[in-house]
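Listing of run-v7.json; format and content: JSON, C-alpha atoms.
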```
[["chain", "number", "residue", "atom", "x", "y", "z"],
["E", 1234, "MET", "CA", -11.21, -5.44, -0.26],
["E", 1235, "LEU", "CA", -13.07, -8.63, 0.56],
["E", 1236, "LYS", "CA", -10.22, -10.91, -0.57],
["E", 1237, "ALA", "CA", -7.76, -9.19, 1.77],
["E", 1238, "LEU", "CA", -10.20, -9.63, 4.65],
["E", 1239, "LEU", "CA", -10.86, -13.30, 3.89],
["E", 1240, "HIS", "CA", -7.14, -14.06, 3.65],
["E", 1241, "GLY", "CA", -6.31, -12.34, 6.94],
["E", 1242, "LYS", "CA", -4.40, -9.50, 5.28],
["E", 1243, "LEU", "CA", -6.16, -6.68, 7.12],
["E", 1244, "VAL", "CA", -4.49, -5.81, 10.38],
["E", 1245, "ARG", "CA", -6.08, -3.76, 13.13],
["E", 1246, "VAL", "CA", -5.49, -0.06, 12.50],
["E", 1247, "ALA", "CA", -4.94, 1.78, 15.74],
["E", 1248, "VAL", "CA", -6.96, 4.94, 16.06],
["E", 1249, "ARG", "CA", -6.01, 7.27, 18.88],
["E", 1250, "VAL", "CA", -9.09, 8.67, 20.55],
["E", 1251, "ASP", "CA", -8.76, 10.74, 23.71],
["E", 1252, "ASP", "CA", -11.55, 9.90, 26.10],
["E", 1253, "GLU", "CA", -12.11, 12.52, 28.74],
["E", 1254, "ALA", "CA", -15.03, 12.46, 31.16],
["E", 1255, "GLY", "CA", -16.62, 9.67, 29.18],
["E", 1256, "GLU", "CA", -16.82, 11.77, 26.00],
["E", 1257, "ASP", "CA", -14.99, 11.18, 22.74],
["E", 1258, "ALA", "CA", -12.51, 13.94, 22.01],
["E", 1259, "GLN", "CA", -12.63, 13.23, 18.28],
["E", 1260, "GLU", "CA", -15.54, 13.49, 15.92],
["E", 1261, "ASP", "CA", -16.42, 10.32, 14.04],
["E", 1262, "GLY", "CA", -15.18, 11.84, 10.81],
["E", 1263, "ASP", "CA", -11.76, 12.56, 12.32],
["E", 1264, "ALA", "CA", -11.42, 9.00, 13.60],
["E", 1265, "GLN", "CA", -12.36, 7.61, 10.21],
["E", 1266, "GLY", "CA", -9.74, 9.82, 8.60],
["E", 1267, "VAL", "CA", -7.02, 8.44, 10.86],
["E", 1268, "ALA", "CA", -8.15, 4.87, 10.17],
["E", 1269, "SER", "CA", -8.15, 5.52, 6.44],
["E", 1270, "ASP", "CA", -4.63, 6.96, 6.60],
["E", 1271, "GLY", "CA", -3.42, 3.82, 8.38],
["E", 1272, "LEU", "CA", -5.08, 1.51, 5.88],
["E", 1273, "THR", "CA", -3.53, 3.24, 2.89],
["E", 1274, "GLU", "CA", -0.05, 2.55, 4.26],
["E", 1275, "LEU", "CA", -0.62, -1.18, 3.64],
["E", 1276, "GLU", "CA", 0.01, -2.95, 0.34],
["E", 1277, "ASP", "CA", -2.31, -5.96, 0.67],
["E", 1278, "PRO", "CA", -5.52, -3.88, 0.85],
["E", 1279, "LEU", "CA", -4.28, -1.95, -2.21],
["E", 1280, "THR", "CA", -3.67, -5.20, -4.08],
["E", 1281, "SER", "CA", -7.13, -6.40, -3.12],
["E", 1282, "ALA", "CA", -8.90, -3.13, -3.95],
["E", 1283, "VAL", "CA", -7.43, -3.03, -7.46],
["E", 1284, "PHE", "CA", -7.09, -6.63, -8.58],
["E", 1285, "GLU", "CA", -10.38, -7.88, -7.14],
["E", 1286, "ARG", "CA", -12.06, -5.59, -9.64],
["E", 1287, "PHE", "CA", -10.04, -6.96, -12.53],
["E", 1288, "GLU", "CA", -11.99, -10.15, -11.97],
["E", 1289, "TYR", "CA", -15.24, -8.28, -12.73],
["E", 1290, "LEU", "CA", -14.02, -6.93, -16.08],
["E", 1291, "PRO", "CA", -14.53, -8.61, -19.45],
["E", 1292, "ALA", "CA", -11.53, -10.83, -20.13],
["E", 1293, "GLU", "CA", -10.36, -8.87, -23.16],
["E", 1294, "LEU", "CA", -10.51, -5.55, -21.30],
["E", 1295, "ALA", "CA", -8.62, -6.96, -18.30],
["E", 1296, "TRP", "CA", -5.87, -8.31, -20.56],
["E", 1297, "ASN", "CA", -5.57, -5.07, -22.54],
["E", 1298, "LEU", "CA", -5.32, -3.00, -19.35],
["E", 1299, "LEU", "CA", -2.49, -5.16, -18.04],
["E", 1300, "ARG", "CA", -0.78, -5.15, -21.41],
["E", 1301, "GLY", "CA", -1.14, -1.39, -21.86],
["E", 1302, "ALA", "CA", 0.28, -0.59, -18.42],
["E", 1303, "SER", "CA", 3.11, -3.15, -18.45],
["E", 1304, "ARG", "CA", 6.68, -2.82, -19.64],
["E", 1305, "PRO", "CA", 9.13, -5.65, -20.35],
["E", 1306, "LEU", "CA", 12.03, -6.02, -17.97],
["E", 1307, "GLY", "CA", 15.34, -5.30, -19.66],
["E", 1308, "ASP", "CA", 15.39, -6.71, -23.18],
["E", 1309, "GLY", "CA", 12.59, -9.18, -22.43],
["E", 1310, "ALA", "CA", 9.45, -9.75, -24.48],
["E", 1311, "THR", "CA", 6.34, -7.60, -24.30],
["E", 1312, "MET", "CA", 2.97, -9.00, -23.32],
["E", 1313, "PRO", "CA", 1.33, -10.44, -26.46],
["E", 1314, "ALA", "CA", -1.62, -8.68, -28.05],
["E", 1315, "ALA", "CA", -3.62, -11.90, -28.41],
["E", 1316, "VAL", "CA", -5.88, -12.55, -25.43],
["E", 1317, "PRO", "CA", -5.58, -16.10, -24.04],
["E", 1318, "GLY", "CA", -8.54, -18.36, -24.62],
["E", 1319, "GLY", "CA", -10.96, -19.41, -21.94],
["E", 1320, "VAL", "CA", -12.15, -17.69, -18.78],
["E", 1321, "PRO", "CA", -9.46, -16.38, -16.41],
["E", 1322, "SER", "CA", -9.44, -17.80, -12.87],
["E", 1323, "TRP", "CA", -8.15, -15.31, -10.28],
["E", 1324, "SER", "CA", -6.63, -16.56, -7.01],
["E", 1325, "PHE", "CA", -5.47, -14.25, -4.22],
["E", 1326, "TRP", "CA", -2.54, -15.18, -1.98],
["E", 1327, "PRO", "CA", -2.63, -18.87, -2.93],
["E", 1328, "ALA", "CA", -0.44, -21.12, -0.79],
["E", 1329, "LEU", "CA", 1.84, -22.93, -3.25],
["E", 1330, "ARG", "CA", 4.25, -25.73, -2.46],
["E", 1331, "PRO", "CA", 7.88, -24.61, -2.89],
["E", 1332, "GLY", "CA", 9.49, -25.65, -6.15],
["E", 1333, "ASP", "CA", 12.75, -27.52, -6.63],
["E", 1334, "GLY", "CA", 15.72, -25.52, -5.41],
["E", 1335, "GLY", "CA", 13.53, -23.05, -3.54],
["E", 1336, "ARG", "CA", 14.58, -21.46, -0.26],
["E", 1337, "ASN", "CA", 11.14, -21.50, 1.34],
["E", 1338, "LYS", "CA", 10.37, -24.71, 3.20],
["E", 1339, "LEU", "CA", 6.63, -24.48, 3.87],
["E", 1340, "ARG", "CA", 4.89, -22.45, 1.19],
["E", 1341, "VAL", "CA", 5.20, -19.68, -1.37],
["E", 1342, "GLU", "CA", 2.47, -17.06, -1.59],
["E", 1343, "PRO", "CA", 2.29, -14.77, -4.63],
["E", 1344, "ASP", "CA", -0.20, -11.93, -4.30],
["E", 1345, "VAL", "CA", -2.30, -12.91, -7.31],
["E", 1346, "LEU", "CA", -2.29, -15.96, -9.56],
["E", 1347, "VAL", "CA", -4.32, -15.90, -12.78],
["E", 1348, "SER", "CA", -4.79, -19.15, -14.68],
["E", 1349, "TRP", "CA", -5.93, -18.14, -18.15],
["E", 1350, "GLY", "CA", -6.15, -20.86, -20.78],
["E", 1351, "ASP", "CA", -2.59, -21.79, -21.73],
["E", 1352, "THR", "CA", -1.23, -18.74, -19.85],
["E", 1353, "LEU", "CA", -0.38, -18.15, -16.19],
["E", 1354, "LEU", "CA", 0.06, -14.70, -14.66],
["E", 1355, "VAL", "CA", 1.98, -14.44, -11.39],
["E", 1356, "ILE", "CA", 1.52, -10.98, -9.88],
["E", 1357, "GLU", "CA", 3.72, -9.64, -7.10],
["E", 1358, "ALA", "CA", 2.46, -6.24, -5.93],
["E", 1359, "LYS", "CA", 4.25, -3.74, -3.71],
["E", 1360, "HIS", "CA", 3.23, -0.38, -2.33],
["E", 1361, "ARG", "CA", 6.44, 1.21, -1.07],
["E", 1362, "GLY", "CA", 8.53, -1.89, -0.59],
["E", 1363, "LEU", "CA", 11.38, -3.28, -2.66],
["E", 1364, "GLN", "CA", 10.78, -5.66, -5.54],
["E", 1365, "ASP", "CA", 13.12, -8.60, -5.06],
["E", 1366, "PRO", "CA", 14.13, -10.76, -8.07],
["E", 1367, "SER", "CA", 14.88, -13.63, -5.67],
["E", 1368, "GLN", "CA", 11.24, -13.56, -4.58],
["E", 1369, "TRP", "CA", 10.14, -13.68, -8.22],
["E", 1370, "VAL", "CA", 12.29, -16.78, -8.73],
["E", 1371, "GLU", "CA", 10.70, -18.48, -5.71],
["E", 1372, "GLN", "CA", 7.22, -17.75, -7.03],
["E", 1373, "ILE", "CA", 7.98, -18.95, -10.54],
["E", 1374, "ARG", "CA", 9.48, -22.19, -9.21],
["E", 1375, "ALA", "CA", 6.44, -22.77, -6.99],
["E", 1376, "ALA", "CA", 4.02, -22.11, -9.84],
["E", 1377, "ARG", "CA", 5.92, -24.51, -12.09],
["E", 1378, "ALA", "CA", 5.79, -27.20, -9.39],
["E", 1379, "ALA", "CA", 1.98, -27.33, -9.68],
["E", 1380, "PRO", "CA", 1.13, -29.89, -12.41],
["E", 1381, "ALA", "CA", -1.75, -27.73, -13.69],
["E", 1382, "HIS", "CA", 0.64, -24.86, -14.43],
["E", 1383, "ALA", "CA", 3.84, -26.65, -15.39],
["E", 1384, "ALA", "CA", 3.46, -26.32, -19.17],
["E", 1385, "LYS", "CA", 1.78, -22.91, -19.35],
["E", 1386, "GLN", "CA", 3.33, -19.73, -20.70],
["E", 1387, "LEU", "CA", 4.15, -17.89, -17.49],
["E", 1388, "TRP", "CA", 4.36, -14.13, -17.04],
["E", 1389, "LEU", "CA", 5.69, -12.70, -13.79],
["E", 1390, "ILE", "CA", 4.32, -9.17, -13.35],
["E", 1391, "ALA", "CA", 6.00, -7.01, -10.71],
["E", 1392, "VAL", "CA", 3.52, -4.25, -9.87],
["E", 1393, "GLY", "CA", 4.64, -1.14, -7.99],
["E", 1394, "GLY", "CA", 7.45, -1.01, -5.49],
["E", 1395, "ILE", "CA", 11.09, -0.21, -6.12],
["E", 1396, "VAL", "CA", 13.37, -2.19, -8.41],
["E", 1397, "THR", "CA", 16.82, -1.76, -6.87],
["E", 1398, "GLN", "CA", 18.79, -3.01, -9.87],
["E", 1399, "GLU", "CA", 18.69, -2.05, -13.51],
["E", 1400, "GLY", "CA", 16.13, -4.02, -15.47],
["E", 1401, "ASP", "CA", 18.83, -5.94, -17.33],
["E", 1402, "GLY", "CA", 20.39, -7.00, -14.01],
["E", 1403, "CYS", "CA", 17.08, -8.29, -12.64],
["E", 1404, "LEU", "CA", 16.38, -10.15, -15.86],
["E", 1405, "ALA", "CA", 19.86, -11.70, -15.86],
["E", 1406, "HIS", "CA", 19.38, -12.88, -12.26],
["E", 1407, "VAL", "CA", 16.09, -14.62, -13.06],
["E", 1408, "ARG", "CA", 17.45, -16.18, -16.24],
["E", 1409, "ARG", "CA", 20.50, -17.46, -14.39],
["E", 1410, "GLU", "CA", 18.41, -19.02, -11.62],
["E", 1411, "LEU", "CA", 15.79, -20.45, -13.97],
["E", 1412, "ALA", "CA", 17.92, -21.61, -16.87],
["E", 1413, "GLY", "CA", 15.71, -22.95, -19.64],
["E", 1414, "ASP", "CA", 12.44, -21.46, -18.38],
["E", 1415, "ARG", "CA", 11.06, -19.13, -21.03],
["E", 1416, "CYS", "CA", 8.87, -17.13, -18.68],
["E", 1417, "GLY", "CA", 8.19, -13.46, -19.35],
["E", 1418, "LEU", "CA", 9.07, -10.71, -16.88],
["E", 1419, "LEU", "CA", 7.08, -7.49, -16.80],
["E", 1420, "THR", "CA", 6.78, -4.45, -14.57],
["E", 1421, "ILE", "CA", 3.80, -2.17, -14.00],
["E", 1422, "ARG", "CA", 3.97, 1.19, -12.25],
["E", 1423, "TRP", "CA", 0.80, 1.95, -10.31],
["E", 1424, "GLU", "CA", 0.82, 5.38, -11.98],
["E", 1425, "ASP", "CA", 0.84, 3.79, -15.44],
["E", 1426, "LEU", "CA", -2.05, 1.52, -14.51],
["E", 1427, "ARG", "CA", -3.99, 4.54, -13.27],
["E", 1428, "GLU", "CA", -3.41, 6.37, -16.57],
["E", 1429, "ALA", "CA", -4.52, 3.29, -18.52],
["E", 1430, "LEU", "CA", -7.70, 3.17, -16.44],
["E", 1431, "TYR", "CA", -8.46, 6.83, -17.10],
["E", 1432, "ALA", "CA", -7.86, 6.41, -20.83],
["E", 1433, "VAL", "CA", -10.27, 3.47, -21.11],
["E", 1434, "GLU", "CA", -12.87, 4.99, -18.78],
["E", 1435, "ALA", "CA", -12.95, 8.17, -20.86],
["E", 1436, "VAL", "CA", -14.11, 6.12, -23.85],
["E", 1437, "THR", "CA", -16.12, 3.44, -22.05],
["E", 1438, "PRO", "CA", -17.49, 4.76, -18.73],
["E", 1439, "SER", "CA", -17.46, 2.06, -16.07],
["E", 1440, "VAL", "CA", -18.10, 2.08, -12.33],
["E", 1441, "VAL", "CA", -15.56, -0.73, -11.90],
["E", 1442, "LEU", "CA", -12.82, 1.25, -13.65],
["E", 1443, "ARG", "CA", -13.66, 4.36, -11.63],
["E", 1444, "ASP", "CA", -13.44, 2.36, -8.40],
["E", 1445, "MET", "CA", -10.02, 1.01, -9.38],
["E", 1446, "ALA", "CA", -8.76, 4.50, -10.18],
["E", 1447, "ALA", "CA", -10.24, 5.82, -6.92],
["E", 1448, "ALA", "CA", -8.37, 3.14, -4.96],
["E", 1449, "LEU", "CA", -5.09, 4.15, -6.58],
["E", 1450, "GLU", "CA", -5.81, 7.80, -5.80],
["E", 1451, "ALA", "CA", -6.52, 6.90, -2.16],
["E", 1452, "TRP", "CA", -3.13, 5.19, -1.89],
["E", 1453, "GLY", "CA", -1.42, 8.30, -3.23],
["E", 1454, "TYR", "CA", -1.08, 7.42, -6.91],
["E", 1455, "ARG", "CA", -2.76, 10.57, -8.16],
["E", 1456, "ARG", "CA", -2.72, 12.18, -11.55],
["E", 1457, "LYS", "CA", -0.07, 14.83, -11.97],
["E", 1458, "VAL", "CA", -1.43, 18.36, -12.13],
["E", 1459, "ARG", "CA", 0.52, 20.98, -14.02],
["E", 1460, "PHE", "CA", 1.44, 23.90, -11.78],
["E", 1461, "SER", "CA", 0.26, 26.34, -14.43],
["E", 1462, "SER", "CA", -3.21, 24.75, -14.46],
["E", 1463, "LEU", "CA", -3.99, 25.75, -10.86],
["E", 1464, "PRO", "CA", -6.57, 28.60, -10.87],
["E", 1465, "ALA", "CA", -4.52, 31.09, -8.84],
["E", 1466, "VAL", "CA", -1.35, 30.40, -10.83],
["E", 1467, "ALA", "CA", -3.15, 30.42, -14.18],
["E", 1468, "GLY", "CA", -4.69, 33.82, -13.40],
["E", 1469, "ARG", "CA", -1.33, 35.26, -12.44],
["E", 1470, "LEU", "CA", 0.30, 33.89, -15.59],
["E", 1471, "ARG", "CA", -2.42, 35.44, -17.75],
["E", 1472, "ALA", "CA", -1.91, 38.79, -16.03],
["E", 1473, "GLU", "CA", 1.85, 38.59, -16.57],
["E", 1474, "GLU", "CA", 1.34, 37.72, -20.23],
["E", 1475, "ALA", "CA", -1.01, 40.69, -20.63],
["E", 1476, "MET", "CA", 1.54, 43.03, -19.04],
["E", 1477, "ALA", "CA", 4.24, 41.67, -21.34],
["E", 1478, "VAL", "CA", 2.05, 42.44, -24.37],
["E", 1479, "LEU", "CA", 1.43, 45.98, -23.11],
["E", 1480, "ARG", "CA", 5.14, 46.57, -22.54],
["E", 1481, "ALA", "CA", 5.92, 45.27, -26.01],
["E", 1482, "GLY", "CA", 3.32, 47.67, -27.42],
["E", 1483, "ARG", "CA", 4.88, 50.65, -25.67],
["E", 1484, "VAL", "CA", 8.33, 49.75, -26.94],
["E", 1485, "GLY", "CA", 7.00, 49.45, -30.46]]
```

Starting from the file, lay out its structure as structure tokens.
Amino acid sequence: MLKALLHGKLVRVAVRVDDEAGEDAQEDGDAQGVASDGLTELEDPLTSAVFERFEYLPAELAWNLLRGASRPLGDGATMPAAVPGGVPSWSFWPALRPGDGGRNKLRVEPDVLVSWGDTLLVIEAKHRGLQDPSQWVEQIRAARAAPAHAAKQLWLIAVGGIVTQEGDGCLAHVRRELAGDRCGLLTIRWEDLREALYAVEAVTPSVVLRDMAAALEAWGYRRKVRFSSLPAVAGRLRAEEAMAVLRAGRVG
């Protein structure tokens, strides 16, 4: 979460502690629990906790994780299988100059910018907020305005959040606003990224992958557990199945 701290994205989390007669009314563990709950309501620490660790992964693994978890928006193209050449350069909350036709006057700040050979990834991450196609357009315009990125194949990846329109509608909006720009538009659900992490970690154990999955779990993106797999429920189901077999035997 260092990047979030360095970029001023961590706000003070208020922890209510009753202080009576000079003694703390809460145990340290309780206070930490409240602080943790407040932190996991915020999207920037989540972005930092997950994507900082992408920077530590081998380039091919990082690309394949993003590709495996992503889905094209509407009828758009999928992320290519071929990994871009060179070493990826990860930037967090870069301050970009607004592009031509942009609404922002001072700066545009995508969550993550990855310059990767002839490819540029623009990542806009949300926790519980709305994904806004107009914001994507602003970020793409700003990225294109930078000479170093102007000619690169650009992929806008909307991670998490809520897409209020159908995928085709969002894609049509971006294409209309950016006529002629052949950028790719992808979405990633945090849950799909978590499943991709578990799948890779099961084959290639990695502390980095486990930390990323743990961060997603802490923010509430947990693996689904089948109701029938819970011990108490499973035992009851087995008992009911046994009784059904006995009844069938009596009837026979």

Original post:
What is the atom CA of E:Gln1372 to atom CA of E:Val1283 distance in Å?
Top reply: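 Going from atom CA of E:Gln1372 over to atom CA of E:Val1283, I get 20.8 Å.
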
- prompt: Got a sec: who's within 12 Å of E:Pro1291, counting only C-alpha atoms, leaving out chain neighbours fewer than 3 positions off, as a list in words?
  reply: Arg1286, Phe1287, Glu1288, Leu1294, Ala1295, Trp1296, Asn1297, Leu1298, Val1316, Gly1319, Val1320, Pro1321, Ser1439, Val1441 and Leu1442 of chain E

Atom CA of E:Gln1368 sits from atom CA of E:Val1341 at a separation of 9.2 Å

Which residues, written as an mmCIF file with C-alpha atoms, in the frame of the given file, have at least one atom at most 9 Å from E:Leu1275, with only C-alpha atoms counted and residues fewer than 2 positions away on the same chain left out?
```cif
data_model
loop_
_atom_site.group_PDB
_atom_site.id
_atom_site.type_symbol
_atom_site.label_atom_id
_atom_site.label_comp_id
_atom_site.auth_asym_id
_atom_site.auth_seq_id
_atom_site.Cartn_x
_atom_site.Cartn_y
_atom_site.Cartn_z
ATOM 1 C CA LEU E 1243 -6.160 -6.680 7.120
ATOM 2 C CA GLY E 1271 -3.420 3.820 8.380
ATOM 3 C CA LEU E 1272 -5.080 1.510 5.880
ATOM 4 C CA THR E 1273 -3.530 3.240 2.890
ATOM 5 C CA ASP E 1277 -2.310 -5.960 0.670
ATOM 6 C CA PRO E 1278 -5.520 -3.880 0.850
ATOM 7 C CA LEU E 1279 -4.280 -1.950 -2.210
ATOM 8 C CA HIS E 1360 3.230 -0.380 -2.330
ATOM 9 C CA ARG E 1361 6.440 1.210 -1.070
ATOM 10 C CA TRP E 1452 -3.130 5.190 -1.890
#
```

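What separates atom CA of E:Ala1405 from atom CA of E:Leu1418 is a distance of 10.9 Å.
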
Selected residue, from E:Arg1480, E:Lys1359, E:Arg1300, E:Arg1377, that lies nearest to E:Pro1331 when counting only C-alpha atoms: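 Of E:Arg1480, E:Lys1359, E:Arg1300, E:Arg1377, the one nearest E:Pro1331, counting only C-alpha atoms, is E:Arg1377.
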
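Each of E:Arg1304, E:Arg1415, E:Arg1422, E:Lys1242 was compared to E:Leu1387 using only C-alpha atoms, and E:Arg1415 turns out to be the nearest.
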
query: Which is closer to E:Thr1352 than all the others in E:Leu1449, E:Ala1328, E:Ala1383, E:Ala1412, using all atoms listed in the file?
result: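 Using all atoms listed in the file, the shortest distance to E:Thr1352 belongs to E:Ala1383.
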
Inset, instruction - Would you mind telling me which residue in E:Gly1332, E:Glu1428, E:Ala1384, E:Glu1473 lies nearest to E:Ser1348 when using only C-alpha atoms? - result: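 For E:Ser1348, the nearest of the candidates is E:Ala1384.
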
Check the smallest atom-to-atom distance from each of E:Val1436, E:Leu1404, E:Val1370, E:Leu1346 to E:Asp1308 using only C-alpha atoms, then report the winner.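 The closest residue to E:Asp1308 is E:Leu1404.
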
At most 12 Å from (-7.1, 8.7, -1.3), file frame, all atoms listed in the file: which residues, as a short mmCIF file (atom, residue, chain, number, x, y, z; two decimals) with C-alpha atoms, in the coordinates of the input?
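File produced: selection.cif:
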```cif
data_model
loop_
_atom_site.label_atom_id
_atom_site.label_comp_id
_atom_site.auth_asym_id
_atom_site.auth_seq_id
_atom_site.Cartn_x
_atom_site.Cartn_y
_atom_site.Cartn_z
CA GLY E 1266 -9.74 9.82 8.60
CA SER E 1269 -8.15 5.52 6.44
CA ASP E 1270 -4.63 6.96 6.60
CA GLY E 1271 -3.42 3.82 8.38
CA LEU E 1272 -5.08 1.51 5.88
CA THR E 1273 -3.53 3.24 2.89
CA GLU E 1274 -0.05 2.55 4.26
CA LEU E 1279 -4.28 -1.95 -2.21
CA ASP E 1444 -13.44 2.36 -8.40
CA MET E 1445 -10.02 1.01 -9.38
CA ALA E 1446 -8.76 4.50 -10.18
CA ALA E 1447 -10.24 5.82 -6.92
CA ALA E 1448 -8.37 3.14 -4.96
CA LEU E 1449 -5.09 4.15 -6.58
CA GLU E 1450 -5.81 7.80 -5.80
CA ALA E 1451 -6.52 6.90 -2.16
CA TRP E 1452 -3.13 5.19 -1.89
CA GLY E 1453 -1.42 8.30 -3.23
CA TYR E 1454 -1.08 7.42 -6.91
CA ARG E 1455 -2.76 10.57 -8.16
CA ARG E 1456 -2.72 12.18 -11.55
#
```
